[in-house]
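**Student:** My file is model06.txt. It has compact mmCIF, C-alpha atoms and all ligand atoms:
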# COMPACT_ATOMS: atom_id res chain seq x y z
CA MET C 207 5.68 76.51 -18.43
CA GLY C 208 5.86 77.05 -22.18
CA TYR C 209 2.21 77.70 -22.98
CA GLU C 210 1.22 79.98 -25.84
CA VAL C 211 -2.04 81.94 -25.73
CA ALA C 212 -4.61 80.80 -28.28
CA GLU C 213 -7.94 82.38 -29.09
CA GLY C 214 -10.96 81.43 -31.14
CA PRO C 215 -14.24 82.97 -32.30
CA GLU C 216 -17.20 83.45 -29.98
CA VAL C 217 -19.57 82.79 -32.89
CA GLU C 218 -18.59 79.22 -33.54
CA LYS C 219 -19.41 76.29 -35.78
CA ASP C 220 -21.34 73.41 -34.26
CA TYR C 221 -18.51 71.26 -35.62
CA TYR C 222 -15.84 72.79 -33.36
CA ASN C 223 -18.06 73.41 -30.32
CA PHE C 224 -19.48 69.88 -30.26
CA GLU C 225 -18.78 67.48 -33.12
CA ALA C 226 -14.96 67.61 -33.08
CA LEU C 227 -15.11 67.21 -29.29
CA ASN C 228 -16.75 63.80 -29.53
CA LEU C 229 -20.28 65.22 -29.18
CA PRO C 230 -22.06 64.21 -32.40
CA LYS C 231 -25.53 65.59 -33.17
CA GLY C 232 -28.11 64.00 -30.86
CA HIS C 233 -25.54 63.17 -28.15
CA PRO C 234 -27.34 63.48 -24.79
CA ALA C 235 -24.37 65.32 -23.21
CA ARG C 236 -25.09 68.29 -25.49
CA ASP C 237 -27.85 69.06 -22.98
CA MET C 238 -25.18 69.73 -20.33
CA GLN C 239 -24.59 73.03 -22.14
CA ASP C 240 -27.79 74.70 -23.33
CA SER C 241 -26.85 76.68 -26.39
CA PHE C 242 -27.78 79.86 -28.26
CA TYR C 243 -28.03 78.73 -31.88
CA ILE C 244 -27.80 81.26 -34.70
CA THR C 245 -28.38 78.79 -37.52
CA GLU C 246 -28.44 75.01 -37.44
CA ASP C 247 -24.66 74.91 -37.78
CA ILE C 248 -23.58 78.12 -36.02
CA LEU C 249 -23.92 79.01 -32.35
CA LEU C 250 -22.42 81.14 -29.60
CA ARG C 251 -19.71 78.89 -28.18
CA THR C 252 -20.74 77.24 -24.91
CA HIS C 253 -17.16 76.71 -23.74
CA THR C 254 -13.59 77.49 -24.80
CA SER C 255 -12.99 73.84 -25.74
CA PRO C 256 -13.61 74.47 -29.48
CA VAL C 257 -10.20 76.17 -29.42
CA GLN C 258 -8.79 72.72 -28.64
CA ALA C 259 -10.13 71.37 -31.92
CA ARG C 260 -9.11 74.46 -33.91
CA THR C 261 -5.58 74.42 -32.52
CA MET C 262 -5.06 70.71 -33.22
CA GLU C 263 -6.15 71.31 -36.80
CA ALA C 264 -3.79 74.30 -37.16
CA LYS C 265 -0.77 72.53 -35.62
CA GLU C 266 -0.99 69.68 -38.17
CA GLY C 267 0.38 66.95 -35.94
CA ARG C 268 3.02 68.99 -34.07
CA PRO C 269 3.17 68.99 -30.24
CA PHE C 270 1.96 72.15 -28.45
CA ARG C 271 0.78 73.75 -25.20
CA ILE C 272 -1.94 76.40 -25.25
CA ILE C 273 -3.85 78.44 -22.73
CA CYS C 274 -7.07 79.93 -24.01
CA PRO C 275 -9.06 82.70 -22.32
CA GLY C 276 -12.42 83.84 -23.66
CA LYS C 277 -16.11 84.57 -23.38
CA VAL C 278 -18.68 81.78 -23.53
CA TYR C 279 -22.48 81.74 -23.65
CA ARG C 280 -25.15 79.43 -22.27
CA ARG C 281 -28.92 79.50 -22.14
CA ASP C 282 -29.01 79.68 -18.36
CA ASN C 283 -31.35 81.75 -16.25
CA ASP C 284 -29.31 84.48 -14.59
CA ASP C 285 -29.07 84.35 -10.81
CA ALA C 286 -26.37 84.88 -8.18
CA THR C 287 -24.22 82.02 -9.48
CA HIS C 288 -25.35 81.65 -13.13
CA SER C 289 -24.95 83.98 -16.05
CA HIS C 290 -25.86 83.54 -19.72
CA GLN C 291 -22.44 84.99 -20.51
CA PHE C 292 -19.23 84.28 -18.61
CA THR C 293 -15.58 83.54 -19.23
CA GLN C 294 -13.47 80.42 -19.24
CA ILE C 295 -9.78 79.63 -19.33
CA GLU C 296 -8.84 76.44 -21.09
CA GLY C 297 -5.52 74.63 -21.18
CA LEU C 298 -4.42 71.92 -23.61
CA VAL C 299 -1.14 70.05 -23.91
CA VAL C 300 -0.61 67.57 -26.75
CA GLY C 301 2.52 65.55 -27.46
CA GLU C 302 4.26 62.22 -27.02
CA GLY C 303 4.28 60.76 -23.52
CA ILE C 304 1.87 63.25 -21.89
CA ARG C 305 0.46 61.50 -18.83
CA MET C 306 -2.18 61.96 -16.18
CA SER C 307 0.63 62.69 -13.70
CA ASP C 308 1.61 65.71 -15.86
CA LEU C 309 -1.95 66.98 -15.58
CA LYS C 310 -1.98 66.44 -11.82
CA GLY C 311 1.36 68.20 -11.32
CA THR C 312 0.24 71.13 -13.46
CA LEU C 313 -3.05 71.53 -11.59
CA ASP C 314 -1.31 71.21 -8.22
CA LEU C 315 1.09 74.02 -9.14
CA PHE C 316 -1.79 76.20 -10.37
CA ALA C 317 -3.77 75.63 -7.15
CA LYS C 318 -0.81 76.60 -4.97
CA LYS C 319 0.01 79.74 -7.00
CA MET C 320 -3.62 80.86 -7.11
CA PHE C 321 -4.86 79.92 -3.65
CA GLY C 322 -1.72 79.58 -1.49
CA GLU C 323 1.19 77.20 -0.94
CA ASP C 324 -0.71 75.19 1.70
CA ARG C 325 -3.41 74.10 -0.74
CA GLU C 326 -3.89 70.45 -1.52
CA ILE C 327 -5.77 69.18 -4.54
CA ARG C 328 -8.02 66.18 -4.99
CA LEU C 329 -9.21 64.71 -8.28
CA ARG C 330 -12.69 63.19 -8.41
CA PRO C 331 -13.95 61.03 -11.31
CA SER C 332 -16.26 62.98 -13.61
CA TYR C 333 -17.56 62.94 -17.16
CA PHE C 334 -16.85 65.08 -20.20
CA PRO C 335 -17.29 63.59 -23.69
CA PHE C 336 -13.94 65.00 -24.87
CA THR C 337 -11.74 63.61 -22.09
CA GLU C 338 -11.19 60.06 -20.84
CA PRO C 339 -10.68 59.68 -17.98
CA SER C 340 -12.36 62.90 -16.84
CA VAL C 341 -11.91 64.51 -13.45
CA GLU C 342 -13.04 67.41 -11.38
CA MET C 343 -10.44 69.12 -9.24
CA ASP C 344 -11.17 70.29 -5.71
CA ILE C 345 -8.81 72.32 -3.57
CA SER C 346 -8.61 72.13 0.21
CA CYS C 347 -10.58 75.08 1.56
CA PHE C 348 -8.43 78.21 1.74
CA LYS C 349 -10.58 79.69 4.49
CA CYS C 350 -10.75 76.89 7.06
CA GLY C 351 -7.89 74.72 5.78
CA GLY C 352 -10.20 71.71 5.53
CA SER C 353 -12.04 71.57 8.84
CA GLY C 354 -15.29 72.84 7.29
CA CYS C 355 -16.81 76.33 7.04
CA ASN C 356 -19.33 78.37 5.05
CA VAL C 357 -17.04 78.77 2.00
CA CYS C 358 -16.59 75.00 1.53
CA LYS C 359 -20.10 74.25 2.83
CA GLY C 360 -18.69 72.14 5.61
CA THR C 361 -16.89 69.68 3.33
CA GLY C 362 -13.35 71.07 3.55
CA TRP C 363 -13.08 71.02 -0.28
CA ILE C 364 -13.98 73.48 -3.03
CA GLU C 365 -14.63 72.49 -6.65
CA ILE C 366 -12.47 74.53 -9.02
CA LEU C 367 -12.29 73.03 -12.51
CA GLY C 368 -12.88 70.17 -14.94
CA ALA C 369 -10.07 68.32 -16.68
CA GLY C 370 -8.93 65.03 -18.15
CA MET C 371 -6.87 63.18 -20.72
CA VAL C 372 -7.83 64.10 -24.28
CA HIS C 373 -10.21 61.46 -25.70
CA PRO C 374 -8.68 59.36 -28.53
CA ASN C 375 -11.56 60.35 -30.85
CA VAL C 376 -10.75 64.04 -30.28
CA LEU C 377 -7.07 63.48 -31.06
CA ARG C 378 -8.00 61.52 -34.18
CA MET C 379 -10.40 64.20 -35.44
CA GLY C 380 -7.68 66.79 -34.76
CA GLY C 381 -5.25 64.92 -36.98
CA TYR C 382 -3.21 63.19 -34.25
CA ASP C 383 -2.59 59.45 -33.84
CA PRO C 384 -3.80 58.43 -30.37
CA GLU C 385 -1.47 55.42 -30.54
CA THR C 386 1.59 57.67 -30.35
CA VAL C 387 0.34 61.02 -29.06
CA SER C 388 -1.60 61.89 -25.91
CA GLY C 389 -2.70 65.04 -24.16
CA PHE C 390 -4.40 66.62 -21.20
CA ALA C 391 -6.93 69.46 -21.01
CA PHE C 392 -8.49 71.54 -18.29
CA GLY C 393 -11.13 74.27 -18.18
CA MET C 394 -12.12 76.71 -15.47
CA GLY C 395 -14.37 79.70 -14.86
CA PRO C 396 -12.46 82.77 -13.67
CA GLU C 397 -15.59 84.46 -12.28
CA ARG C 398 -16.24 81.51 -10.00
CA ILE C 399 -12.60 81.52 -8.89
CA ALA C 400 -12.64 85.28 -8.24
CA MET C 401 -15.94 84.92 -6.34
CA LEU C 402 -14.42 82.30 -4.06
CA LYS C 403 -11.13 84.10 -3.63
CA TYR C 404 -12.58 87.55 -2.90
CA GLY C 405 -15.88 86.55 -1.31
CA ILE C 406 -18.04 88.02 -4.10
CA ASP C 407 -21.62 86.87 -3.61
CA ASP C 408 -23.16 87.55 -7.03
CA ILE C 409 -21.74 86.82 -10.50
CA ARG C 410 -23.78 89.70 -11.94
CA HIS C 411 -21.42 92.17 -10.25
CA PHE C 412 -18.89 91.38 -13.00
CA TYR C 413 -21.20 92.66 -15.72
CA THR C 414 -23.21 95.51 -14.23
CA ASP C 415 -20.32 97.99 -14.14
CA ASP C 416 -20.89 99.41 -10.67
CA ILE C 417 -17.77 101.54 -10.18
CA ARG C 418 -17.75 100.79 -6.43
CA PHE C 419 -17.28 97.12 -7.30
CA ILE C 420 -14.72 97.61 -10.07
CA ALA C 421 -12.59 100.14 -8.14
CA GLN C 422 -11.75 97.49 -5.52
CA PHE C 423 -9.57 95.58 -7.98
CA HIS C 424 -6.25 96.62 -9.49
CA ARG C 425 -4.37 95.08 -12.37
CA ALA C 426 -1.27 93.33 -11.05
CA GLU C 427 1.58 94.46 -13.32
CA SER C 428 4.33 91.90 -13.52
N1 LIG N 501 -15.43 72.47 -21.42
C1 LIG N 501 -15.78 71.95 -20.12
C2 LIG N 501 -16.97 72.76 -19.57
O1 LIG N 501 -17.20 73.87 -20.01
C3 LIG N 501 -14.61 72.06 -19.15
C4 LIG N 501 -13.45 71.17 -19.53
C5 LIG N 501 -12.41 71.64 -20.33
C6 LIG N 501 -13.42 69.86 -19.10
C7 LIG N 501 -11.36 70.82 -20.68
C8 LIG N 501 -12.37 69.02 -19.44
C9 LIG N 501 -11.33 69.50 -20.22
O2 LIG N 501 -17.69 72.30 -18.71
Would you put the structure from the file into structure tokens?
**Tutor:**
Amino acid sequence: MGYEVAEGPEVEKDYYNFEALNLPKGHPARDMQDSFYITEDILLRTHTSPVQARTMEAKEGRPFRIICPGKVYRRDNDDATHSHQFTQIEGLVVGEGIRMSDLKGTLDLFAKKMFGEDREIRLRPSYFPFTEPSVEMDISCFKCGGSGCNVCKGTGWIEILGAGMVHPNVLRMGGYDPETVSGFAFGMGPERIAMLKYGIDDIRHFYTDDIRFIAQFHRAES
């Protein structure tokens, strides 16, 4: 689909992690992502979204599509579904005429490739400071097909990722004119997706290097 892979530093400036994403100092939504600060202006990135801001800056007004994998850090207490360190995969498309329907089509294709051709998606309104409108994407449950089971907790739907149309302030700070250019972004947690897909009950399995766990998975060469 024409995406290039982009990466950014794990030790990140407050500016890229928050400020350039429409989260000025003191913004209450900063509390959504409890952070490990190193100095007042440097922290361990709490998401891969700072790569959005860095890439916009580097592209100097040109259109682009990036996919960005990487480690992120949050001051969470570790338990079966939370880890202070995990990974994210971020996507960002910026250019003229990029619409919400492009986002929806892209996410629909991803859901079908990842979870099976029969999957349906549903977008629910949500909030992220760097996208407007913001959505969360659910997929129809791949175990029960939507009738309700233990995987989807009886709802028929499973939450997979956050996404939205890039906020005009974010485009502006990245050097793009929101009057002529638009974009969409999405972000997901691969551990959560792998846990759902393979029925893994504890996120800590990914980090504790038990060979009996690791040996069950094989790299798919393509
Ligand atoms: N960065 C958000 C998070 O970590 C996810 C996200 C990415 C949401 C891109 C919208 C667009 O929660």
**Student:** So what do you get for CA of Asp308 (chain C) versus CA of Gly389 (chain C), distance-wise?
**Tutor:**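 So the two atoms, CA of Asp308 (chain C) and CA of Gly389 (chain C), lie 9.4 Å apart.
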**Student:** Sorted by chain and rising residue number, which residues of chain C lie within 10 Å of ligand LIG 501 (chain N), and what are their closest atom pairs and distances in Å to one decimal, counting all atoms listed in the file, as a Markdown table?
**Tutor:**
| residue | atom | partner | partner_atom | distance |
| --- | --- | --- | --- | --- |
| C:Asn223 | CA | N:LIG501 | N1 | 9.3 |
| C:Leu227 | CA | N:LIG501 | N1 | 9.5 |
| C:Met238 | CA | N:LIG501 | O2 | 8.1 |
| C:Gln239 | CA | N:LIG501 | O1 | 7.7 |
| C:Arg251 | CA | N:LIG501 | O1 | 9.9 |
| C:Thr252 | CA | N:LIG501 | O1 | 6.9 |
| C:His253 | CA | N:LIG501 | O1 | 4.7 |
| C:Thr254 | CA | N:LIG501 | N1 | 6.3 |
| C:Ser255 | CA | N:LIG501 | N1 | 5.1 |
| C:Pro256 | CA | N:LIG501 | N1 | 8.5 |
| C:Gln258 | CA | N:LIG501 | C7 | 8.6 |
| C:Val278 | CA | N:LIG501 | O1 | 8.8 |
| C:Arg280 | CA | N:LIG501 | O1 | 10.0 |
| C:Thr293 | CA | N:LIG501 | O1 | 9.8 |
| C:Gln294 | CA | N:LIG501 | O1 | 7.6 |
| C:Ile295 | CA | N:LIG501 | C5 | 8.5 |
| C:Glu296 | CA | N:LIG501 | C5 | 6.0 |
| C:Gly297 | CA | N:LIG501 | C7 | 7.0 |
| C:Leu298 | CA | N:LIG501 | C7 | 7.6 |
| C:Ser332 | CA | N:LIG501 | C6 | 9.2 |
| C:Tyr333 | CA | N:LIG501 | C6 | 8.3 |
| C:Phe334 | CA | N:LIG501 | C6 | 6.0 |
| C:Pro335 | CA | N:LIG501 | C8 | 8.5 |
| C:Phe336 | CA | N:LIG501 | C8 | 6.9 |
| C:Thr337 | CA | N:LIG501 | C8 | 6.1 |
| C:Glu338 | CA | N:LIG501 | C8 | 9.1 |
| C:Pro339 | CA | N:LIG501 | C8 | 9.6 |
| C:Ser340 | CA | N:LIG501 | C8 | 6.6 |
| C:Val341 | CA | N:LIG501 | C8 | 7.5 |
| C:Glu342 | CA | N:LIG501 | C6 | 8.1 |
| C:Leu367 | CA | N:LIG501 | C3 | 7.1 |
| C:Gly368 | CA | N:LIG501 | C6 | 4.2 |
| C:Ala369 | CA | N:LIG501 | C8 | 3.7 |
| C:Gly370 | CA | N:LIG501 | C8 | 5.4 |
| C:Met371 | CA | N:LIG501 | C9 | 7.8 |
| C:Val372 | CA | N:LIG501 | C9 | 7.6 |
| C:His373 | CA | N:LIG501 | C9 | 9.8 |
| C:Phe390 | CA | N:LIG501 | C9 | 7.6 |
| C:Ala391 | CA | N:LIG501 | C9 | 4.5 |
| C:Phe392 | CA | N:LIG501 | C7 | 3.8 |
| C:Gly393 | CA | N:LIG501 | C5 | 3.6 |
| C:Met394 | CA | N:LIG501 | C3 | 6.4 |
| C:Gly395 | CA | N:LIG501 | O1 | 8.3 |
**Student:** Hey, can you spit out that residue selection with C-alpha atoms as a PDB file, in the frame of the given file?
**Tutor:**
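New file out.pdb:
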ATOM      1  CA  ASN C 223     -18.060  73.410 -30.320  1.00  0.00           C
ATOM      2  CA  LEU C 227     -15.110  67.210 -29.290  1.00  0.00           C
ATOM      3  CA  MET C 238     -25.180  69.730 -20.330  1.00  0.00           C
ATOM      4  CA  GLN C 239     -24.590  73.030 -22.140  1.00  0.00           C
ATOM      5  CA  ARG C 251     -19.710  78.890 -28.180  1.00  0.00           C
ATOM      6  CA  THR C 252     -20.740  77.240 -24.910  1.00  0.00           C
ATOM      7  CA  HIS C 253     -17.160  76.710 -23.740  1.00  0.00           C
ATOM      8  CA  THR C 254     -13.590  77.490 -24.800  1.00  0.00           C
ATOM      9  CA  SER C 255     -12.990  73.840 -25.740  1.00  0.00           C
ATOM     10  CA  PRO C 256     -13.610  74.470 -29.480  1.00  0.00           C
ATOM     11  CA  GLN C 258      -8.790  72.720 -28.640  1.00  0.00           C
ATOM     12  CA  VAL C 278     -18.680  81.780 -23.530  1.00  0.00           C
ATOM     13  CA  ARG C 280     -25.150  79.430 -22.270  1.00  0.00           C
ATOM     14  CA  THR C 293     -15.580  83.540 -19.230  1.00  0.00           C
ATOM     15  CA  GLN C 294     -13.470  80.420 -19.240  1.00  0.00           C
ATOM     16  CA  ILE C 295      -9.780  79.630 -19.330  1.00  0.00           C
ATOM     17  CA  GLU C 296      -8.840  76.440 -21.090  1.00  0.00           C
ATOM     18  CA  GLY C 297      -5.520  74.630 -21.180  1.00  0.00           C
ATOM     19  CA  LEU C 298      -4.420  71.920 -23.610  1.00  0.00           C
ATOM     20  CA  SER C 332     -16.260  62.980 -13.610  1.00  0.00           C
ATOM     21  CA  TYR C 333     -17.560  62.940 -17.160  1.00  0.00           C
ATOM     22  CA  PHE C 334     -16.850  65.080 -20.200  1.00  0.00           C
ATOM     23  CA  PRO C 335     -17.290  63.590 -23.690  1.00  0.00           C
ATOM     24  CA  PHE C 336     -13.940  65.000 -24.870  1.00  0.00           C
ATOM     25  CA  THR C 337     -11.740  63.610 -22.090  1.00  0.00           C
ATOM     26  CA  GLU C 338     -11.190  60.060 -20.840  1.00  0.00           C
ATOM     27  CA  PRO C 339     -10.680  59.680 -17.980  1.00  0.00           C
ATOM     28  CA  SER C 340     -12.360  62.900 -16.840  1.00  0.00           C
ATOM     29  CA  VAL C 341     -11.910  64.510 -13.450  1.00  0.00           C
ATOM     30  CA  GLU C 342     -13.040  67.410 -11.380  1.00  0.00           C
ATOM     31  CA  LEU C 367     -12.290  73.030 -12.510  1.00  0.00           C
ATOM     32  CA  GLY C 368     -12.880  70.170 -14.940  1.00  0.00           C
ATOM     33  CA  ALA C 369     -10.070  68.320 -16.680  1.00  0.00           C
ATOM     34  CA  GLY C 370      -8.930  65.030 -18.150  1.00  0.00           C
ATOM     35  CA  MET C 371      -6.870  63.180 -20.720  1.00  0.00           C
ATOM     36  CA  VAL C 372      -7.830  64.100 -24.280  1.00  0.00           C
ATOM     37  CA  HIS C 373     -10.210  61.460 -25.700  1.00  0.00           C
ATOM     38  CA  PHE C 390      -4.400  66.620 -21.200  1.00  0.00           C
ATOM     39  CA  ALA C 391      -6.930  69.460 -21.010  1.00  0.00           C
ATOM     40  CA  PHE C 392      -8.490  71.540 -18.290  1.00  0.00           C
ATOM     41  CA  GLY C 393     -11.130  74.270 -18.180  1.00  0.00           C
ATOM     42  CA  MET C 394     -12.120  76.710 -15.470  1.00  0.00           C
ATOM     43  CA  GLY C 395     -14.370  79.700 -14.860  1.00  0.00           C
TER      44      GLY C 395
END
**Student:** Given 3 Å of margin on each side, can you work out the centre and size in Å (one decimal) of an axis-aligned box holding every listed atom of region 404-418 of chain C, as JSON?
**Tutor:**
{"center_x": -18.2, "center_y": 94.0, "center_z": -8.5, "size_x": 17.2, "size_y": 21.0, "size_z": 20.4}
**Student:** Go through C:Met262, C:Glu216, C:Ala426, C:Asp237 one by one, measure the shortest atom-to-atom distance of each to Arg378 (chain C) using only C-alpha atoms, and give the residue with the smallest value.
**Tutor:**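 Looking only at the distances to Arg378 (chain C), the closest residue turns out to be C:Met262.
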**Student:** Would you mind reading off the distance between CA of Ile248 (chain C) and CA of Asn375 (chain C), one decimal, in Å?
**Tutor:**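 Result for CA of Ile248 (chain C) versus CA of Asn375 (chain C): 22.1 Å, one decimal.
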**Student:** So which residues touch region 320-324 of chain C within 12 Å, counting all atoms listed in the file, skipping near sequence neighbours fewer than 6 positions away, as a VMD selection string?
**Tutor:** chain C and resid 313 to 314 344 to 352 364 366 396 399 to 400 402 to 404
**Student:** Mind giving me the straight-line distance from CA of Val211 (chain C) to CA of Ile272 (chain C) in Å, one decimal?
**Tutor:**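 Computing it gives 5.6 Å between the two atoms.
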**Student:** Which of these residues is nearest to Phe292 (chain C), using only C-alpha atoms: C:Leu250, C:Cys358, C:Ile327, C:Ile409?
**Tutor:** C:Ile409
**Student:** I need the residue nearest Gly311 (chain C) from this list: C:Met207, C:Leu249, C:Gly214, C:Ile406. Use all atoms listed in the file for the distance.
**Tutor:**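 Of C:Met207, C:Leu249, C:Gly214, C:Ile406, the one nearest Gly311 (chain C) is C:Met207, counting all atoms listed in the file.
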**Student:** Which one of C:Val299, C:Met343, C:Leu377, C:Val387 sits closest to Gly208 (chain C) if you count all atoms listed in the file?
**Tutor:** C:Val299
**Student:** Can you list, as a VMD selection string, every protein, DNA or RNA residue that comes within 10 Å of Lys231 (chain C) when you count only C-alpha atoms, leaving out same-chain residues fewer than 4 positions away?
**Tutor:** chain C and resid 220 to 221 224 to 225 236
**Student:** Select, from C:Asp282, C:Ala226, C:Arg328, C:Lys359, the residue with the minimum atom-to-atom distance to Thr261 (chain C), counting all atoms listed in the file.
**Tutor:** C:Ala226
**Student:** List the spatial neighbours of Pro269 (chain C) as a PyMOL selection string - criterion: any atom at most 8 Å away, only C-alpha atoms, same-chain residues fewer than 2 positions off excluded.
**Tutor:** chain C and resi 265+267+271+299-302
**Student:** Tell me which of C:Ser307, C:Ala212, C:Asn228, C:Glu427 sits closest to Ala264 (chain C), counting all atoms listed in the file.
**Tutor:**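 Result for the nearest residue to Ala264 (chain C): C:Ala212.
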**Student:** Residues near Ala286 (chain C), anyone? I mean within 9 Å using only C-alpha atoms, not counting same-chain ones fewer than 4 positions away, as a PyMOL selection string.
**Tutor:** chain C and resi 407-410
